[in-house]
Structures are given as C-alpha cells and as structure tokens.
>>> print(open('start_17.txt').read())   # compact mmCIF, C-alpha atoms and all ligand atoms
# COMPACT_ATOMS: atom_id res chain seq x y z
CA MET U 1 68.78 -97.92 85.18
CA ASN U 2 69.33 -101.33 83.56
CA THR U 3 67.04 -104.32 84.19
CA LYS U 4 69.43 -105.91 86.68
CA ASN U 5 69.48 -102.78 88.85
CA LYS U 6 65.71 -102.40 88.55
CA VAL U 7 65.21 -105.98 89.73
CA LEU U 8 67.66 -105.38 92.57
CA LYS U 9 65.81 -102.22 93.59
CA ALA U 10 62.50 -104.09 93.72
CA LEU U 11 64.04 -106.93 95.74
CA GLU U 12 65.85 -104.53 98.10
CA GLU U 13 62.61 -102.70 98.77
CA ASN U 14 60.99 -106.02 99.69
CA ARG U 15 63.87 -107.78 101.49
CA GLU U 16 62.86 -111.08 103.11
CA GLU U 17 59.63 -111.10 101.09
CA TYR U 18 58.84 -113.03 97.95
CA VAL U 19 58.17 -111.04 94.82
CA SER U 20 56.79 -113.08 91.93
CA GLY U 21 58.59 -113.15 88.61
CA GLU U 22 55.33 -112.07 87.00
CA ALA U 23 54.98 -109.06 89.31
CA LEU U 24 58.60 -108.07 88.66
CA ALA U 25 58.13 -108.40 84.90
CA SER U 26 55.00 -106.26 84.81
CA LEU U 27 56.37 -103.69 87.29
CA LEU U 28 59.54 -103.26 85.26
CA GLU U 29 57.84 -103.71 81.89
CA VAL U 30 60.24 -106.43 80.79
CA SER U 31 59.82 -110.12 79.92
CA ARG U 32 59.90 -112.91 82.53
CA ASN U 33 63.02 -114.15 80.78
CA SER U 34 64.80 -110.80 81.34
CA VAL U 35 63.88 -110.98 85.02
CA TRP U 36 65.27 -114.50 85.23
CA LYS U 37 68.52 -113.40 83.54
CA ALA U 38 68.89 -110.44 85.89
CA ILE U 39 68.39 -112.71 88.92
CA LYS U 40 71.06 -115.06 87.57
CA VAL U 41 73.60 -112.22 87.27
CA LEU U 42 72.74 -110.88 90.73
CA LYS U 43 73.28 -114.34 92.21
CA GLU U 44 76.64 -114.56 90.45
CA GLU U 45 77.55 -111.23 92.04
CA GLY U 46 76.90 -112.72 95.47
CA TYR U 47 73.32 -111.65 96.21
CA LEU U 48 71.57 -114.33 98.26
CA ILE U 49 68.33 -114.73 96.35
CA GLU U 50 65.95 -117.58 96.99
CA GLY U 51 63.66 -118.64 94.15
CA VAL U 52 60.58 -120.70 95.02
CA THR U 53 58.04 -121.98 92.49
CA ASN U 54 54.69 -120.20 92.77
CA LYS U 55 56.13 -117.66 95.20
CA GLY U 56 58.88 -115.89 93.30
CA TYR U 57 62.19 -114.42 94.41
CA MET U 58 63.34 -113.25 97.82
CA LEU U 59 66.48 -111.29 98.69
CA LYS U 60 67.71 -112.80 101.93
CA GLU U 61 68.42 -110.60 104.93
CA GLU U 62 72.01 -111.92 105.25
CA THR U 63 73.02 -110.32 101.95
CA ASP U 64 75.55 -107.57 102.73
CA ILE U 65 76.40 -106.02 99.40
CA ILE U 66 76.48 -102.29 98.94
CA SER U 67 74.31 -100.83 96.18
CA SER U 68 72.68 -97.55 95.33
CA SER U 69 69.15 -98.94 95.74
CA GLY U 70 70.18 -100.73 98.94
CA ILE U 71 71.34 -97.43 100.44
CA LYS U 72 68.46 -95.37 99.05
CA LYS U 73 65.81 -97.52 100.66
CA TYR U 74 67.05 -96.20 104.02
CA LEU U 75 67.27 -92.55 102.95
CA GLY U 76 63.54 -91.81 103.02
CA ASP U 77 62.63 -88.32 101.82
CA HIS U 78 66.29 -87.41 101.34
CA LYS U 79 67.10 -90.03 98.72
CA ASP U 80 66.93 -87.58 95.82
CA PHE U 81 69.55 -85.28 97.31
CA PHE U 82 72.16 -88.00 96.87
CA ASP U 83 73.48 -89.31 93.55
CA ILE U 84 75.15 -92.55 94.60
CA ARG U 85 77.75 -94.21 92.38
CA ILE U 86 79.28 -97.54 93.34
CA PHE U 87 82.46 -98.95 91.84
CA ASP U 88 84.15 -102.30 92.34
CA GLU U 89 87.50 -100.56 92.32
CA LEU U 90 88.91 -97.03 92.07
CA PRO U 91 92.32 -95.51 92.73
CA SER U 92 90.72 -93.11 95.24
CA THR U 93 87.11 -92.00 95.68
CA ASN U 94 88.29 -88.49 96.62
CA ASP U 95 90.30 -88.21 93.42
CA TYR U 96 87.32 -89.38 91.37
CA LEU U 97 85.15 -86.54 92.64
CA LYS U 98 87.93 -83.95 92.35
CA ALA U 99 88.50 -84.85 88.70
CA GLY U 100 84.95 -84.20 87.49
CA ASP U 101 82.17 -81.67 87.59
CA PHE U 102 79.53 -83.20 89.83
CA LYS U 103 76.48 -81.90 91.61
CA GLU U 104 76.36 -81.42 95.35
CA GLY U 105 75.29 -84.65 97.02
CA THR U 106 77.23 -86.93 94.66
CA VAL U 107 78.48 -89.91 96.64
CA VAL U 108 81.21 -92.15 95.29
CA ILE U 109 81.84 -95.50 96.93
CA ALA U 110 84.48 -98.04 95.95
CA LYS U 111 84.48 -101.62 97.18
CA ARG U 112 88.26 -101.35 97.08
CA GLN U 113 90.75 -98.52 96.54
CA ILE U 114 94.12 -99.04 94.97
CA LYS U 115 95.57 -95.71 96.06
CA GLY U 116 93.42 -94.83 99.07
CA LYS U 117 94.74 -91.55 100.47
CA GLY U 118 95.13 -90.56 104.10
CA ARG U 119 96.08 -87.19 105.55
CA LEU U 120 99.56 -85.73 105.22
CA GLY U 121 100.39 -87.79 102.15
CA ARG U 122 99.87 -91.10 103.91
CA SER U 123 98.01 -93.98 102.30
CA PHE U 124 94.79 -95.51 103.57
CA TYR U 125 94.60 -99.29 103.37
CA SER U 126 91.40 -100.05 101.45
CA PRO U 127 91.02 -103.79 100.82
CA SER U 128 87.97 -105.40 99.19
CA ASP U 129 84.67 -105.49 100.99
CA THR U 130 85.83 -105.35 104.62
CA GLY U 131 85.70 -101.55 104.76
CA LEU U 132 83.77 -98.60 103.43
CA TYR U 133 85.51 -96.08 101.19
CA LEU U 134 83.24 -93.19 100.47
CA SER U 135 83.49 -89.60 99.27
CA LEU U 136 80.72 -87.02 99.35
CA LEU U 137 80.72 -83.77 97.40
CA LEU U 138 79.41 -80.71 99.24
CA LYS U 139 79.17 -77.08 98.18
CA PRO U 140 78.69 -75.21 101.44
CA ASP U 141 78.68 -71.44 101.55
CA MET U 142 81.67 -71.09 103.87
CA GLU U 143 84.92 -69.24 104.38
CA VAL U 144 87.99 -71.34 103.60
CA SER U 145 89.12 -70.93 107.20
CA GLU U 146 85.99 -72.78 108.38
CA ALA U 147 86.73 -75.98 106.44
CA THR U 148 88.02 -77.78 109.55
CA LEU U 149 84.47 -77.67 110.86
CA LEU U 150 83.39 -80.06 108.12
CA THR U 151 85.99 -82.61 109.17
CA ALA U 152 84.74 -82.26 112.74
CA LEU U 153 81.16 -82.63 111.53
CA ALA U 154 82.02 -85.80 109.61
CA SER U 155 83.88 -87.28 112.61
CA VAL U 156 80.81 -86.75 114.78
CA CYS U 157 78.60 -88.41 112.16
CA VAL U 158 80.90 -91.44 111.98
CA VAL U 159 80.93 -91.70 115.79
CA GLU U 160 77.14 -91.45 116.02
CA THR U 161 76.67 -94.04 113.27
CA ILE U 162 79.03 -96.50 114.96
CA GLU U 163 77.35 -95.98 118.31
CA GLU U 164 73.88 -96.47 116.87
CA LEU U 165 74.85 -99.69 115.12
CA THR U 166 76.92 -101.21 117.93
CA GLY U 167 75.53 -99.74 121.16
CA ASP U 168 79.16 -99.06 122.22
CA THR U 169 81.15 -95.86 122.62
CA ALA U 170 83.38 -94.40 119.92
CA LEU U 171 85.83 -91.52 120.41
CA ILE U 172 87.58 -88.89 118.29
CA LYS U 173 91.29 -88.30 118.21
CA TRP U 174 91.59 -84.72 117.03
CA VAL U 175 90.97 -83.93 114.35
CA ASN U 176 89.80 -86.70 112.09
CA ASP U 177 90.45 -90.16 113.50
CA VAL U 178 87.67 -92.22 115.04
CA PHE U 179 88.59 -94.79 117.64
CA PHE U 180 86.60 -97.77 118.85
CA LYS U 181 87.76 -100.15 121.57
CA GLY U 182 91.20 -98.54 121.56
CA LYS U 183 91.85 -98.85 117.81
CA LYS U 184 91.50 -96.47 114.90
CA VAL U 185 88.49 -97.64 112.89
CA SER U 186 87.94 -94.63 110.66
CA GLY U 187 89.79 -91.71 109.12
CA ILE U 188 88.52 -88.66 107.30
CA LEU U 189 90.27 -86.76 104.54
CA THR U 190 88.65 -83.44 103.66
CA GLU U 191 89.83 -81.86 100.42
CA ALA U 192 88.58 -78.49 99.30
CA SER U 193 88.79 -76.11 96.39
CA MET U 194 88.50 -72.39 96.98
CA ASP U 195 87.35 -69.36 95.06
CA LEU U 196 90.37 -67.04 95.18
CA GLU U 197 88.28 -63.93 94.61
CA ASN U 198 86.18 -64.14 97.74
CA ASN U 199 88.15 -66.63 99.83
CA ARG U 200 85.14 -68.95 100.03
CA LEU U 201 84.95 -72.69 99.41
CA SER U 202 83.82 -73.66 95.93
CA TYR U 203 83.49 -77.34 96.85
CA VAL U 204 84.49 -79.78 99.52
CA VAL U 205 85.12 -83.51 99.16
CA LEU U 206 84.55 -85.35 102.41
CA GLY U 207 86.43 -88.65 102.15
CA ILE U 208 85.58 -91.21 104.79
CA GLY U 209 87.24 -94.59 105.28
CA VAL U 210 85.84 -97.11 107.78
CA ASN U 211 87.19 -100.53 108.79
CA LEU U 212 84.08 -102.64 109.32
CA THR U 213 85.65 -106.07 109.79
CA TYR U 214 89.16 -107.58 109.72
CA PRO U 215 90.71 -107.64 106.26
CA GLU U 216 91.77 -111.06 105.02
CA GLY U 217 95.24 -111.70 106.40
CA ASP U 218 94.94 -108.82 108.92
CA PHE U 219 95.92 -105.13 108.55
CA PRO U 220 99.36 -104.39 107.04
CA GLN U 221 102.30 -104.41 109.44
CA ASP U 222 102.70 -100.63 109.63
CA VAL U 223 99.16 -100.05 110.94
CA ARG U 224 98.50 -103.40 112.65
CA GLU U 225 99.04 -102.02 116.11
CA SER U 226 96.92 -98.91 115.70
CA ALA U 227 94.12 -99.98 113.32
CA GLY U 228 91.15 -102.16 114.14
CA PRO U 229 87.71 -103.13 112.86
CA ILE U 230 84.34 -102.14 114.31
CA PHE U 231 82.95 -105.67 114.19
CA LEU U 232 84.82 -108.81 115.12
CA GLU U 233 82.36 -111.49 114.00
CA ASP U 234 78.62 -110.99 113.88
CA THR U 235 77.83 -108.02 111.72
CA PRO U 236 74.36 -106.47 111.78
CA LYS U 237 72.14 -107.44 108.85
CA ASP U 238 72.55 -105.37 105.69
CA LEU U 239 75.37 -103.55 107.48
CA LYS U 240 77.05 -101.68 104.62
CA ASN U 241 73.94 -100.12 103.13
CA ARG U 242 72.62 -99.17 106.57
CA PHE U 243 75.96 -97.72 107.67
CA VAL U 244 76.25 -95.51 104.60
CA ALA U 245 72.62 -94.37 104.75
CA LEU U 246 72.80 -93.46 108.45
CA LEU U 247 76.05 -91.62 107.90
CA LEU U 248 74.72 -89.64 104.92
CA LEU U 249 71.53 -88.69 106.75
CA LYS U 250 73.54 -87.42 109.70
CA ILE U 251 75.90 -85.41 107.51
CA LEU U 252 72.95 -83.86 105.69
CA TYR U 253 71.20 -83.05 108.97
CA TYR U 254 74.18 -81.19 110.42
CA CYS U 255 75.09 -79.51 107.12
CA ASN U 256 71.58 -78.10 106.82
CA ARG U 257 72.10 -76.43 110.20
CA LEU U 258 75.76 -75.60 109.77
CA SER U 259 75.60 -72.16 111.33
CA LEU U 260 74.23 -73.65 114.57
CA LYS U 261 77.31 -75.89 114.87
CA GLU U 262 75.10 -78.41 116.69
CA PHE U 263 77.71 -81.16 116.27
CA MET U 264 80.38 -79.27 118.22
CA ASP U 265 79.08 -80.37 121.65
CA THR U 266 79.48 -84.02 120.67
CA TYR U 267 82.81 -83.27 119.01
CA ARG U 268 84.14 -81.90 122.31
CA GLU U 269 82.55 -84.64 124.45
CA LYS U 270 84.06 -87.35 122.30
CA SER U 271 87.56 -85.90 122.17
CA MET U 272 90.30 -88.26 123.36
CA VAL U 273 92.99 -85.61 123.60
CA ILE U 274 91.71 -82.93 125.95
CA GLY U 275 93.85 -82.84 129.08
CA GLU U 276 96.57 -84.91 127.39
CA ASP U 277 100.18 -83.96 126.77
CA VAL U 278 100.61 -83.88 123.03
CA LEU U 279 103.37 -83.82 120.47
CA ILE U 280 102.86 -81.26 117.78
CA PHE U 281 103.78 -82.09 114.19
CA LYS U 282 103.84 -79.79 111.20
CA ALA U 283 104.25 -81.34 107.76
CA GLY U 284 105.31 -84.55 109.48
CA GLU U 285 108.04 -82.91 111.56
CA LEU U 286 107.98 -82.68 115.33
CA LYS U 287 107.69 -79.02 116.28
CA GLY U 288 107.22 -79.23 120.02
CA THR U 289 104.93 -80.32 122.80
CA GLY U 290 101.99 -78.91 124.69
CA LYS U 291 98.93 -79.75 126.75
CA ALA U 292 95.62 -79.98 124.91
CA LEU U 293 93.28 -77.58 126.71
CA ARG U 294 90.08 -77.35 124.68
CA ILE U 295 88.54 -77.27 121.24
CA ASP U 296 87.51 -73.83 120.02
CA ASP U 297 84.40 -72.92 118.02
CA GLU U 298 86.17 -73.52 114.69
CA ALA U 299 87.25 -77.04 115.78
CA GLY U 300 90.82 -75.83 116.36
CA LEU U 301 92.75 -77.45 119.20
CA VAL U 302 93.91 -74.99 121.83
CA VAL U 303 97.19 -76.14 123.39
CA LEU U 304 99.30 -74.72 126.18
CA ARG U 305 102.84 -74.60 124.83
CA GLU U 306 106.08 -75.05 126.76
CA ASN U 307 106.52 -71.26 126.85
CA GLY U 308 103.26 -70.83 128.78
CA LEU U 309 101.37 -69.37 125.80
CA GLU U 310 98.21 -70.77 124.25
CA GLU U 311 98.30 -71.73 120.59
CA VAL U 312 95.44 -72.78 118.33
CA LEU U 313 96.29 -75.70 116.06
CA ASN U 314 94.46 -76.16 112.76
CA SER U 315 93.99 -79.45 111.06
CA GLY U 316 95.41 -78.63 107.65
CA GLU U 317 98.99 -78.29 108.72
CA ILE U 318 99.58 -80.36 111.80
CA SER U 319 98.97 -83.71 113.37
CA VAL U 320 98.91 -84.38 117.04
CA ARG U 321 100.03 -87.45 118.89
CA ARG U 322 99.72 -88.30 122.50
CA THR U 323 103.11 -88.46 124.20
CA GLU U 324 102.83 -92.21 124.82
CA ASP U 325 102.39 -92.70 121.08
CA ARG U 326 105.98 -91.56 120.51
CA GLY U 327 107.79 -94.01 118.30
CA LYS U 328 104.64 -95.72 116.99
C1 LIG U 401 93.33 -90.66 107.40
O1 LIG U 401 93.14 -91.57 108.19
O2 LIG U 401 94.38 -90.00 107.36
C2 LIG U 401 92.24 -90.30 106.41
C3 LIG U 401 91.78 -91.49 105.63
C4 LIG U 401 90.71 -91.16 104.61
C5 LIG U 401 90.37 -92.36 103.76
C6 LIG U 401 89.20 -92.13 102.86
S1 LIG U 401 88.64 -93.60 102.10
C7 LIG U 401 87.62 -92.70 101.04
C8 LIG U 401 88.38 -91.46 100.62
N1 LIG U 401 89.21 -91.72 99.48
C9 LIG U 401 90.51 -91.64 99.76
O3 LIG U 401 91.43 -91.82 98.94
N2 LIG U 401 90.68 -91.30 101.04
C10 LIG U 401 89.41 -91.13 101.72
>>> encode(input="start_17.txt", output="structure tokens")
Amino acid sequence: MNTKNKVLKALEENREEYVSGEALASLLEVSRNSVWKAIKVLKEEGYLIEGVTNKGYMLKEETDIISSSGIKKYLGDHKDFFDIRIFDELPSTNDYLKAGDFKEGTVVIAKRQIKGKGRLGRSFYSPSDTGLYLSLLLKPDMEVSEATLLTALASVCVVETIEELTGDTALIKWVNDVFFKGKKVSGILTEASMDLENNRLSYVVLGIGVNLTYPEGDFPQDVRESAGPIFLEDTPKDLKNRFVALLLLKILYYCNRLSLKEFMDTYREKSMVIGEDVLIFKAGELKGTGKALRIDDEAGLVVLRENGLEEVLNSGEISVRRTEDRGK
C-alpha cells in the first residue's frame, strides 16, 4: 500500500475525528512531509479533509468516495476474505475478472464502465460516480444447473441492502432486476465457467450494477422510462462504501449457508411477477405467453402456458416481461 492509501486508511478509520500529522507520520513510519503530500493528493481527488493547526487532519463525514479502506472499515472480521480493487474506469468489471486468475473474494469496482454489459447482450449504462459497478468472484461447489440460485441470492442481497439504507421496500422482477419506487434501480449479470468433466462450476462472476442517484443529464432515452435511481437528493453519509460493504457481507452470509437456501423465502416474497400474465422471450424473441405461478427451489419461474401445461423457465435463456410492458 502506498503512503496516500495508508493515510486514507487511517483517516477513514477515524472519520470525523482529527488525527495529528505527527501521529500519522509515526503510525505509517513516514515523514511529516510525506503525510502532507498525501493529504494534498487526496484533497485533489475530492476527499473533504479539514486541516487544523495543533489538531491535525479530519476526513469529513460528507465525503462519498469509494475506496478499498473505506469499504473494509465496515467489513469487520470478514475484511480479509475480500480483495477489493477500485478503478476509475474499466470496459466492464465482469470482463476484468473473467480475463485473469483471481482468488475467490476478489471484488472489482469501477467508478465508470465504458462497455458495461447487461443480460442478453444488452448494455448497462454506467456513468461516472452516480452508480455502483461491481463484480465479485466466487468459487462455489455447485452443479452448473444451480447457477441461477446465485443470481437470486444476489438479487435478495441488493434488495436487503436498499431496504436497510432507505427504510423503503424494494422488489425483484424475475430473475435479476431490482425495482424501487416503480423503476429498475439494479441489474445483475451472472457469468460462470464450468468444469466439463464433472459438470460443476469452476467460478462464478456476480456482476451487480446499481443506480444510486440520477446521472448528469438523466438516463439515456432508451432506458429513461424504465430506469431510476435509489436516491433523489439526500444520500446517506458515506453511501457508496457502506452500500458495497453491506452488500458483500450479505452475499458472504448467504453463500456460506448456500445449501440452506435461506434467501429463497425473501426471493419469493419480493417477486413482482407471481400471479401476473407474462410474455416469454427466448434469445430476445417472443415465444409465447403464460401466467407466472411460483418460483421453484432452483429459482426457476413456473408458468402456466396457453396449452394448460406448466413450464419451468430458467434465467440463462429467457427473459420475462409483464404483458403491460409490451412495446416498451
Ligand atoms: C442487466 O440489467 O441486464 C444486468 C446488468 C449488470 C450490470 C453490472 S455492472 C457491473 C458488472 N459489469 C458489467 O459489465 N455488468 C455488470
């Protein structure tokens, strides 16, 4: 860790408190001048740091910049499970993880994505700083056919995080879209690699995109009607770091108890589609209609088709729209 990040870590761990330049210098075993230089760079990056003679430096509560140390301070005993890497810009955080050989628990976050990917070849609008674009690498011991469960698990974690931070209700549109106040505020793209010999997952990349606030100049035309932000104006203090930490802790909690499928009750409760007439799409093409009956134990959607038979839909190959969404 370089001096700047060490100073940031010390200030993050003491937010809203003064830490003297002398204390920082001796804690980090660097000169007072190096501390001063690090503070200068942090300020240039947008950190709100107050410097007062005889008191030292204080990171102000209003600062809302995502950082590894900012997230880790909320992760408690679990902070060492996660290797958090933050980038100003990436094509896609999912692609970054898929291209390398990383350990389980690696988290990649970009402040902006140039080629943010959505499901079914769509793009995910990922402008600077108003959203969270995060991918987490997992290596669960699971059959390939169970991968949909991880998307369901992540959706539940996003819902619970939003509800904890806002006090309002969020819902899930099967299988991976999270809605808040009638608008899509988050999407999840799960990409997996399998071991052909035993049909088990070798790794899974859970890609999660969240719209926290309105992007400058609004959402692009094609998603303006359907997409929305979680927060309109007042955002909670230190929102981004807290959001990511809460989300990661929830994912870890449910993953550690995967066989219990504890998240499935919430997944069903929060479903927006049960009881609805739905349009069924495969590879982007309309294949028919049905009534959404229930969600099965593998997070598949059971629909009653026009021919009176039940069919289980799986996330990988279809998307479902409510009938009134036709034409959107
Ligand atoms: C969807 O709505 O269809 C899924 C959107 C998933 C977006 C996230 S943002 C982080 C990660 N990196 C990507 O390129 N996509 C996912």
>>> closest_residue(input="start_17.txt", among="U:Glu310, U:Tyr125, U:Leu252, U:Thr235", to="U:Val223", atoms="only C-alpha atoms")
U:Tyr125
>>> closest_residue(input="start_17.txt", among="U:Thr266, U:Ser92, U:Ser126, U:Thr213", to="U:Val156", atoms="only C-alpha atoms")
U:Thr266
>>> residues_near_ligand(input="start_17.txt", ligand="ligand LIG 401 (chain U)", cutoff="10 Å", atoms="only C-alpha atoms and all ligand atoms", output="PyMOL selection string")
chain U and resi 90-97+108-110+112-126+131-136+175-178+184-191+205-211+227+319
>>> residues_around(input="start_17.txt", residues="U:Lys173", least_positions_apart="6", cutoff="8 Å", atoms="all atoms listed in the file", output="list of chain:residue names")
U:Phe179, U:Ser271, U:Met272, U:Val273
>>> atom_distance(input="start_17.txt", atom1="atom CA of U:Ala25", atom2="atom CA of U:Asp83")
26.0 Å
>>> closest_residue(input="start_17.txt", among="U:Asp80, U:Asp101, U:Asp141, U:Asp168", to="U:Arg257", atoms="all atoms listed in the file")
U:Asp141
>>> atom_distance(input="start_17.txt", atom1="atom CA of U:Tyr203", atom2="atom CA of U:Ala299")
19.3 Å
>>> closest_residue(input="start_17.txt", among="U:Thr169, U:Leu24, U:Gly70, U:Lys4", to="U:Glu45", atoms="all atoms listed in the file")
U:Lys4
>>> axis_aligned_box(input="start_17.txt", around="stretch 300-308 of chain U", padding_each_side="5 Å", output="JSON")
{"center_x": 98.7, "center_y": -74.1, "center_z": 122.6, "size_x": 25.7, "size_y": 16.6, "size_z": 22.4}
>>> closest_residue(input="start_17.txt", among="U:Thr130, U:Asn314, U:Ser226, U:Thr289", to="U:Lys183", atoms="all atoms listed in the file")
U:Ser226
>>> atom_distance(input="start_17.txt", atom1="atom CA of U:Glu143", atom2="atom CA of U:Asn199")
6.2 Å
>>> closest_residue(input="start_17.txt", among="U:Gly275, U:Pro127, U:Gly51, U:Gly284", to="U:Tyr214", atoms="only C-alpha atoms")
U:Pro127
>>> residues_around(input="start_17.txt", residues="U:Val52", least_positions_apart="6", cutoff="10 Å", atoms="only C-alpha atoms", output="list in words")
Tyr18, Val19, Ser20 and Met58 of chain U
